[in-house]
>>> print(open('protein13.txt').read())   # compact mmCIF, C-alpha atoms (C1' of nucleotides)
# COMPACT_ATOMS: atom_id res chain seq x y z
CA MET E 1 109.66 51.31 145.31
CA SER E 2 113.35 50.74 144.73
CA ASP E 3 114.19 51.72 148.28
CA LYS E 4 113.84 48.08 149.26
CA SER E 5 111.52 48.92 152.12
CA GLU E 6 108.38 47.41 150.65
CA LEU E 7 109.36 43.80 150.96
CA PRO E 8 110.03 43.92 154.73
CA ILE E 9 106.85 45.90 155.27
CA ALA E 10 104.74 43.50 153.25
CA LEU E 11 106.26 40.47 154.96
CA ARG E 12 105.52 41.94 158.35
CA ALA E 13 101.96 42.86 157.44
CA ALA E 14 101.24 39.41 156.04
CA TYR E 15 102.65 37.59 159.04
CA LEU E 16 100.88 39.76 161.59
CA ALA E 17 97.59 39.38 159.75
CA MET E 18 97.97 35.62 159.75
CA HIS E 19 98.93 35.57 163.39
CA ARG E 20 95.99 37.73 164.45
CA GLN E 21 93.49 35.68 162.50
CA SER E 22 94.90 32.48 163.91
CA ASP E 23 94.74 33.76 167.45
CA ALA E 24 91.13 34.78 166.96
CA GLN E 25 90.23 31.45 165.42
CA PHE E 26 91.94 29.31 168.05
CA ALA E 27 90.81 31.37 171.01
CA LYS E 28 87.53 29.45 171.06
CA TYR E 29 89.53 26.35 171.88
CA GLY E 30 91.59 27.99 174.58
CA VAL E 31 94.91 27.97 172.76
CA THR E 32 96.96 30.60 170.96
CA ALA E 33 98.33 30.62 167.44
CA ASP E 34 101.82 29.92 168.69
CA GLN E 35 100.64 27.09 170.89
CA PHE E 36 99.07 25.62 167.79
CA VAL E 37 102.44 25.77 166.06
CA LEU E 38 104.02 23.96 168.98
CA LEU E 39 101.34 21.27 169.01
CA ALA E 40 101.63 20.85 165.25
CA THR E 41 105.39 20.47 165.49
CA LEU E 42 105.00 17.87 168.20
CA SER E 43 102.39 15.99 166.20
CA ARG E 44 104.89 15.58 163.39
CA GLY E 45 107.72 14.29 165.59
CA ASP E 46 106.78 13.00 168.98
CA ALA E 47 109.10 12.71 171.97
CA LEU E 48 111.39 15.54 171.02
CA THR E 49 113.70 17.27 173.44
CA GLN E 50 112.72 20.84 174.27
CA ARG E 51 115.77 21.98 172.34
CA GLU E 52 114.85 20.09 169.22
CA LEU E 53 111.27 21.25 169.48
CA ALA E 54 112.44 24.85 169.67
CA ARG E 55 114.74 24.35 166.69
CA ARG E 56 111.93 23.02 164.55
CA MET E 57 109.30 25.63 165.33
CA PRO E 58 111.53 27.71 165.05
CA SER E 59 111.50 29.49 168.35
CA ASP E 60 113.62 30.29 171.36
CA PRO E 61 114.22 27.50 173.91
CA SER E 62 113.22 29.69 176.82
CA THR E 63 110.06 30.73 175.02
CA VAL E 64 109.23 27.11 174.36
CA ARG E 65 109.70 26.30 178.00
CA ALA E 66 107.14 28.93 179.04
CA MET E 67 104.70 27.58 176.50
CA LEU E 68 105.21 24.01 177.67
CA VAL E 69 104.44 24.97 181.24
CA LEU E 70 101.11 26.40 180.13
CA LEU E 71 100.30 23.50 177.83
CA GLU E 72 101.21 21.03 180.54
CA LYS E 73 98.72 22.72 182.87
CA GLN E 74 96.10 22.24 180.19
CA GLY E 75 97.03 18.59 179.94
CA LEU E 76 97.93 18.80 176.27
CA VAL E 77 101.59 17.87 176.52
CA GLU E 78 103.67 15.70 178.77
CA ARG E 79 107.31 15.98 179.73
CA ASP E 80 109.45 13.05 180.81
CA VAL E 81 113.10 12.54 181.57
CA HIS E 82 115.17 11.62 178.58
CA PRO E 83 116.05 7.90 178.54
CA SER E 84 119.77 8.39 177.95
CA ASP E 85 120.48 12.07 178.65
CA SER E 86 119.58 13.20 182.12
CA ARG E 87 119.97 16.85 181.18
CA ALA E 88 117.21 16.68 178.63
CA ARG E 89 113.47 16.22 178.87
CA THR E 90 111.34 14.70 176.17
CA VAL E 91 108.09 16.34 175.17
CA ALA E 92 105.09 14.53 173.74
CA LEU E 93 101.41 15.14 173.09
CA THR E 94 99.00 13.55 175.51
CA ALA E 95 95.92 11.76 174.21
CA GLU E 96 93.96 14.90 174.86
CA GLY E 97 96.66 16.91 173.14
CA LYS E 98 96.27 14.81 170.01
CA ARG E 99 92.51 15.19 170.12
CA LYS E 100 92.77 18.93 170.62
CA PHE E 101 95.22 19.23 167.78
CA ARG E 102 92.82 17.52 165.38
CA GLN E 103 90.15 20.01 166.42
CA LEU E 104 92.52 22.91 165.94
CA TRP E 105 93.63 21.63 162.57
CA ASN E 106 90.06 21.68 161.36
CA ALA E 107 89.40 25.06 162.92
CA GLY E 108 92.36 26.45 161.05
CA GLU E 109 91.25 25.18 157.68
CA SER E 110 89.42 28.39 156.84
CA ILE E 111 92.58 30.40 157.37
CA ARG E 112 94.68 28.11 155.22
CA THR E 113 92.01 28.29 152.56
CA LYS E 114 91.90 32.06 152.74
CA MET E 115 95.65 32.22 152.30
CA HIS E 116 95.51 29.99 149.27
CA GLU E 117 92.78 32.15 147.80
CA ALA E 118 95.23 35.01 147.73
CA ILE E 119 97.74 33.06 145.67
CA GLN E 120 97.28 31.31 142.39
CA PRO E 121 97.49 27.55 143.00
CA ALA E 122 100.14 27.11 140.34
CA ILE E 123 102.64 29.31 142.14
CA VAL E 124 102.02 28.36 145.76
CA ALA E 125 105.00 26.03 145.73
CA ASP E 126 107.18 28.79 144.34
CA VAL E 127 106.07 31.19 147.04
CA VAL E 128 106.85 28.66 149.72
CA LYS E 129 110.31 28.08 148.28
CA LEU E 130 110.86 31.79 148.09
CA LEU E 131 109.89 32.43 151.68
CA THR E 132 112.07 29.55 152.76
CA GLN E 133 115.01 31.01 150.87
CA LEU E 134 114.32 34.34 152.49
CA ALA E 135 114.57 32.74 155.91
CA THR E 136 117.70 30.84 154.93
CA VAL E 137 119.50 33.90 153.64
CA LEU E 138 118.51 35.96 156.66
CA ASN E 139 119.69 33.26 159.02
CA GLY E 140 123.12 33.69 157.59
CA GLU E 141 123.76 30.73 155.36
CA ASN E 142 124.13 31.95 151.85
CA VAL E 143 121.89 30.04 149.46
CA PHE E 144 124.54 29.49 146.84
CA ASN E 145 127.58 28.54 148.83
CA HIS E 146 127.85 27.34 152.37
CA ALA E 147 131.27 28.86 152.63
CA GLN E 148 132.97 31.54 154.64
CA GLU E 149 131.14 33.89 156.92
CA ALA E 150 132.84 37.06 158.10
CA MET U 151 102.47 19.34 150.39
CA SER U 152 98.82 19.69 149.54
CA ASP U 153 97.85 19.92 153.20
CA LYS U 154 98.21 23.69 152.94
CA SER U 155 100.43 23.82 156.00
CA GLU U 156 103.62 24.79 154.23
CA LEU U 157 102.64 28.32 153.34
CA PRO U 158 101.85 29.40 156.92
CA ILE U 159 104.99 27.70 158.17
CA ALA U 160 107.19 29.35 155.58
CA LEU U 161 105.63 32.77 156.19
CA ARG U 162 106.23 32.45 159.90
CA ALA U 163 109.82 31.30 159.45
CA ALA U 164 110.62 34.14 157.07
CA TYR U 165 109.12 36.82 159.28
CA LEU U 166 110.77 35.58 162.45
CA ALA U 167 114.14 35.36 160.70
CA MET U 168 113.78 38.94 159.49
CA HIS U 169 112.69 40.13 162.90
CA ARG U 170 115.58 38.45 164.69
CA GLN U 171 118.16 39.79 162.28
CA SER U 172 116.70 43.28 162.54
CA ASP U 173 116.74 43.18 166.31
CA ALA U 174 120.36 42.09 166.30
CA GLN U 175 121.31 44.78 163.82
CA PHE U 176 119.51 47.63 165.57
CA ALA U 177 120.54 46.63 169.08
CA LYS U 178 123.82 48.51 168.64
CA TYR U 179 121.76 51.68 168.35
CA GLY U 180 119.60 50.95 171.36
CA VAL U 181 116.35 50.38 169.50
CA THR U 182 114.37 47.29 168.56
CA ALA U 183 113.13 46.13 165.18
CA ASP U 184 109.59 47.16 166.04
CA GLN U 185 110.69 50.56 167.27
CA PHE U 186 112.37 50.99 163.91
CA VAL U 187 109.06 50.25 162.21
CA LEU U 188 107.37 52.87 164.34
CA LEU U 189 110.05 55.47 163.61
CA ALA U 190 109.89 54.67 159.91
CA THR U 191 106.14 55.07 159.90
CA LEU U 192 106.42 58.41 161.66
CA SER U 193 109.10 59.61 159.25
CA ARG U 194 106.68 59.05 156.38
CA GLY U 195 103.78 60.92 157.96
CA ASP U 196 104.60 63.23 160.78
CA ALA U 197 102.17 64.45 163.45
CA LEU U 198 99.90 61.44 163.37
CA THR U 199 97.52 60.55 166.15
CA GLN U 200 98.46 57.44 168.08
CA ARG U 201 95.50 55.70 166.50
CA GLU U 202 96.53 56.53 162.99
CA LEU U 203 100.10 55.55 163.72
CA ALA U 204 98.92 52.18 164.98
CA ARG U 205 96.74 51.69 161.94
CA ARG U 206 99.62 52.30 159.58
CA MET U 207 102.22 50.10 161.22
CA PRO U 208 100.00 48.01 161.54
CA SER U 209 99.87 47.37 165.24
CA ASP U 210 97.64 47.56 168.25
CA PRO U 211 96.97 50.99 169.80
CA SER U 212 97.86 49.81 173.27
CA THR U 213 101.08 48.29 171.98
CA VAL U 214 101.96 51.54 170.25
CA ARG U 215 101.33 53.45 173.43
CA ALA U 216 103.83 51.29 175.33
CA MET U 217 106.39 51.80 172.60
CA LEU U 218 105.83 55.55 172.56
CA VAL U 219 106.46 55.77 176.28
CA LEU U 220 109.84 54.12 175.79
CA LEU U 221 110.75 56.16 172.73
CA GLU U 222 109.74 59.34 174.48
CA LYS U 223 112.14 58.49 177.30
CA GLN U 224 114.86 58.14 174.69
CA GLY U 225 113.92 61.52 173.30
CA LEU U 226 113.18 60.15 169.83
CA VAL U 227 109.52 61.06 169.66
CA GLU U 228 107.35 63.82 171.03
CA ARG U 229 103.67 63.80 171.92
CA ASP U 230 101.48 66.88 171.93
CA VAL U 231 97.81 67.53 172.37
CA HIS U 232 95.82 67.46 169.20
CA PRO U 233 94.86 70.95 167.99
CA SER U 234 91.18 70.23 167.47
CA ASP U 235 90.51 66.95 169.27
CA SER U 236 91.32 67.06 172.94
CA ARG U 237 91.03 63.30 173.26
CA ALA U 238 93.83 62.69 170.82
CA ARG U 239 97.56 63.23 170.98
CA THR U 240 99.78 63.85 168.00
CA VAL U 241 103.07 62.02 167.67
CA ALA U 242 106.12 63.32 165.84
CA LEU U 243 109.82 62.59 165.55
CA THR U 244 112.14 64.91 167.44
CA ALA U 245 115.27 66.22 165.74
CA GLU U 246 117.21 63.46 167.41
CA GLY U 247 114.58 60.98 166.33
CA LYS U 248 115.09 61.98 162.72
CA ARG U 249 118.83 61.70 163.06
CA LYS U 250 118.56 58.33 164.71
CA PHE U 251 116.22 57.10 162.02
CA ARG U 252 118.71 57.98 159.30
CA GLN U 253 121.34 55.98 161.15
CA LEU U 254 119.00 53.05 161.53
CA TRP U 255 118.02 53.17 157.90
CA ASN U 256 121.65 52.78 156.89
CA ALA U 257 122.23 50.08 159.47
CA GLY U 258 119.34 48.14 158.02
CA GLU U 259 120.60 48.28 154.46
CA SER U 260 122.46 44.97 154.75
CA ILE U 261 119.28 43.19 155.77
CA ARG U 262 117.26 44.66 152.95
CA THR U 263 120.02 43.68 150.57
CA LYS U 264 120.11 40.15 151.93
CA MET U 265 116.38 39.83 151.45
CA HIS U 266 116.65 40.98 147.87
CA GLU U 267 119.42 38.48 147.25
CA ALA U 268 116.97 35.72 148.02
CA ILE U 269 114.53 36.90 145.36
CA GLN U 270 115.12 37.52 141.70
CA PRO U 271 114.91 41.27 141.08
CA ALA U 272 112.34 40.82 138.33
CA ILE U 273 109.78 39.29 140.65
CA VAL U 274 110.27 41.35 143.80
CA ALA U 275 107.30 43.53 142.94
CA ASP U 276 105.17 40.45 142.40
CA VAL U 277 106.17 39.05 145.77
CA VAL U 278 105.30 42.30 147.47
CA LYS U 279 101.92 42.36 145.81
CA LEU U 280 101.35 38.78 146.77
CA LEU U 281 102.18 39.34 150.43
CA THR U 282 99.97 42.39 150.46
CA GLN U 283 97.10 40.39 149.03
CA LEU U 284 97.71 37.75 151.64
CA ALA U 285 97.34 40.35 154.36
CA THR U 286 94.26 41.82 152.73
CA VAL U 287 92.50 38.50 152.40
CA LEU U 288 93.38 37.52 155.95
CA ASN U 289 92.12 40.81 157.28
CA GLY U 290 88.72 39.93 155.98
CA GLU U 291 88.15 41.96 152.89
CA ASN U 292 87.95 39.64 149.94
CA VAL U 293 90.23 40.73 147.11
CA PHE U 294 87.64 40.32 144.39
CA ASN U 295 84.52 41.76 145.90
CA HIS U 296 84.05 44.02 148.86
CA ALA U 297 80.66 42.52 149.46
CA GLN U 298 78.84 40.71 152.22
CA GLU U 299 80.55 39.45 155.31
CA ALA U 300 78.73 37.06 157.64
C1' DG K 301 69.70 70.68 173.42
C1' DT K 302 70.08 66.12 175.33
C1' DC K 303 71.42 61.61 175.27
C1' DA K 304 73.28 57.32 173.12
C1' DT K 305 77.04 55.92 170.40
C1' DT K 306 81.55 56.12 168.83
C1' DT K 307 86.32 57.26 169.25
C1' DC K 308 90.83 58.33 171.74
C1' DG K 309 94.12 57.28 175.02
C1' DT K 310 95.10 54.67 179.07
C1' DG K 311 95.75 50.71 182.38
C1' DC K 312 95.81 45.89 183.27
C1' DG K 313 96.44 41.02 182.36
C1' DT K 314 98.27 37.19 179.52
C1' DA K 315 101.21 35.17 176.09
C1' DT K 316 105.45 35.48 172.91
C1' DA K 317 110.26 36.45 171.69
C1' DC K 318 114.63 36.82 173.00
C1' DA K 319 119.11 37.76 175.75
C1' DT K 320 121.59 36.52 179.50
C1' DA K 321 123.11 34.10 183.36
C1' DC K 322 123.07 29.92 186.11
C1' DG K 323 123.32 24.94 187.55
C1' DC K 324 123.81 20.62 186.09
C1' DT K 325 125.10 16.78 182.96
C1' DT K 326 127.51 15.03 179.01
C1' DT K 327 131.11 14.98 175.96
C1' DT K 328 135.79 15.96 174.57
C1' DC K 329 140.49 15.89 174.90
C1' DG K 330 144.93 15.84 176.78
C1' DC I 331 141.25 9.65 184.55
C1' DG I 332 140.32 14.41 185.09
C1' DA I 333 139.69 19.11 183.64
C1' DA I 334 137.71 21.96 180.06
C1' DA I 335 134.17 22.67 176.77
C1' DA I 336 129.73 22.17 175.09
C1' DG I 337 124.85 21.16 175.61
C1' DC I 338 120.21 21.14 178.09
C1' DG I 339 116.82 23.15 180.95
C1' DT I 340 115.73 26.89 184.05
C1' DA I 341 115.01 31.70 185.84
C1' DT I 342 114.78 36.60 185.17
C1' DG I 343 114.21 40.92 182.72
C1' DT I 344 112.70 43.75 178.73
C1' DA I 345 109.91 44.55 174.73
C1' DT I 346 105.95 43.23 171.74
C1' DA I 347 101.14 41.85 170.68
C1' DC I 348 96.66 41.88 171.83
C1' DG I 349 92.06 41.79 174.40
C1' DC I 350 89.31 44.14 177.53
C1' DA I 351 87.56 47.69 180.35
C1' DC I 352 87.65 52.44 181.81
C1' DG I 353 87.09 57.63 181.72
C1' DA I 354 86.80 61.52 178.79
C1' DA I 355 85.68 63.87 174.68
C1' DA I 356 83.49 64.11 170.06
C1' DT I 357 79.72 62.80 167.09
C1' DG I 358 74.92 61.52 165.79
C1' DA I 359 70.15 61.02 166.26
C1' DC I 360 66.07 62.88 167.67
>>> encode(input="protein13.txt", output="structure tokens")
Amino acid sequence: MSDKSELPIALRAAYLAMHRQSDAQFAKYGVTADQFVLLATLSRGDALTQRELARRMPSDPSTVRAMLVLLEKQGLVERDVHPSDSRARTVALTAEGKRKFRQLWNAGESIRTKMHEAIQPAIVADVVKLLTQLATVLNGENVFNHAQEA
Amino acid sequence: MSDKSELPIALRAAYLAMHRQSDAQFAKYGVTADQFVLLATLSRGDALTQRELARRMPSDPSTVRAMLVLLEKQGLVERDVHPSDSRARTVALTAEGKRKFRQLWNAGESIRTKMHEAIQPAIVADVVKLLTQLATVLNGENVFNHAQEA
DNA sequence: GTCATTTCGTGCGTATACATACGCTTTTCG
DNA sequence: CGAAAAGCGTATGTATACGCACGAAATGAC
């Protein structure tokens, strides 16, 4: 209880449960839970570079590349050369990608609803803030001061 | 905000941050974050079948098998035939596995501490309960009644 | 007792997650 | 201007995560 092991365990169990359910739900539409995350990220900021897309997911650039290759084959995303930076490539949803994402969004509603059933509505915002702080602290930047790091 | 997308996003971000930090921390000892989870689970219930081990992690049996093969090569776990069920195999930590786990536990202390810095001590137990409920609901069993499922 | 069902471990295939190294541009700075 | 540094995408390798199918053993139904 005070061995501090419960929080990591519970976080892992919750995430894996969500991921599994999402995969199962989205499988009917031929995409994975993580592909959904990518499509959702794109739908909220079109024409991102692969790097920026990876940063926002958040995920690894080389992972994102592999996902983009698959999604491109499915015709859901499109990659073009960056207008000003010839190193970079911009990524955007295709028309079909946007359509598919709307479908997926609806298909995922039951999962989002389930998750909100587990938490009292009044504290959902607090939980979100808390999880975000958890991520922030773990990623190294102290919440209270952005100062020195060993 | 009320589109219910923030909670899944925050949960994902928090878990991935924890996983990355754990991997980085444990890499010095030649094991991964997930291998640590497996070793920890074994240390709390020795001589489990592979199935039971997978159930407790929680993880997929075929994933666990792959991990066991690697850990066996490292001499951290040992598999024997089950005394009464010749289909099953029991898994247990070796002496070196126990030693290694103690090392890993200490190495992980900074991460557990970091996580607890992000959450007020008074509500840690609530957060754990909440995450556990999240997992329970997602895994299908309603929290309030264990009744009919479509 | 026999046979259908369930359960256990395994093997295979696909998709993520990440580290690392590499080639190529862009930017920076002397 | 020109060399060094940093940034972007790519390719490869390892470890998870999971579904699915298989053979073998245990369990149930009758």
>>> interface_residues(input="protein13.txt", of="chain U", to="chain I", cutoff="10 Å", atoms="only C-alpha atoms (C1' of nucleotides)", output="list in words")
Thr182, Asp184, Gln185, Ser209, Asp210, Pro211, Ser212, Thr213, Val214, Ala216, Met217, Leu220, Asp235, Ser236, Arg237 and Ala238 of chain U
>>> calpha_fit_rmsd(input="protein13.txt", fixed="chain E", moving="chain U")
0.1 Å
>>> atom_distance(input="protein13.txt", atom1="atom CA of Val231 of chain U", atom2="atom C1' of DT305 of chain K")
23.9 Å
>>> interface_residues(input="protein13.txt", of="chain U", to="chain E", cutoff="10 Å", atoms="only C-alpha atoms", output="ChimeraX atom specification")
/U:151-172,187,190,206-209,255,258-259,261-270,274-275,277-290,292-294
>>> closest_residue(input="protein13.txt", among="U:Val241, U:Leu189, U:Gln224, U:Phe176", to="Arg201 of chain U", atoms="only C-alpha atoms")
U:Val241
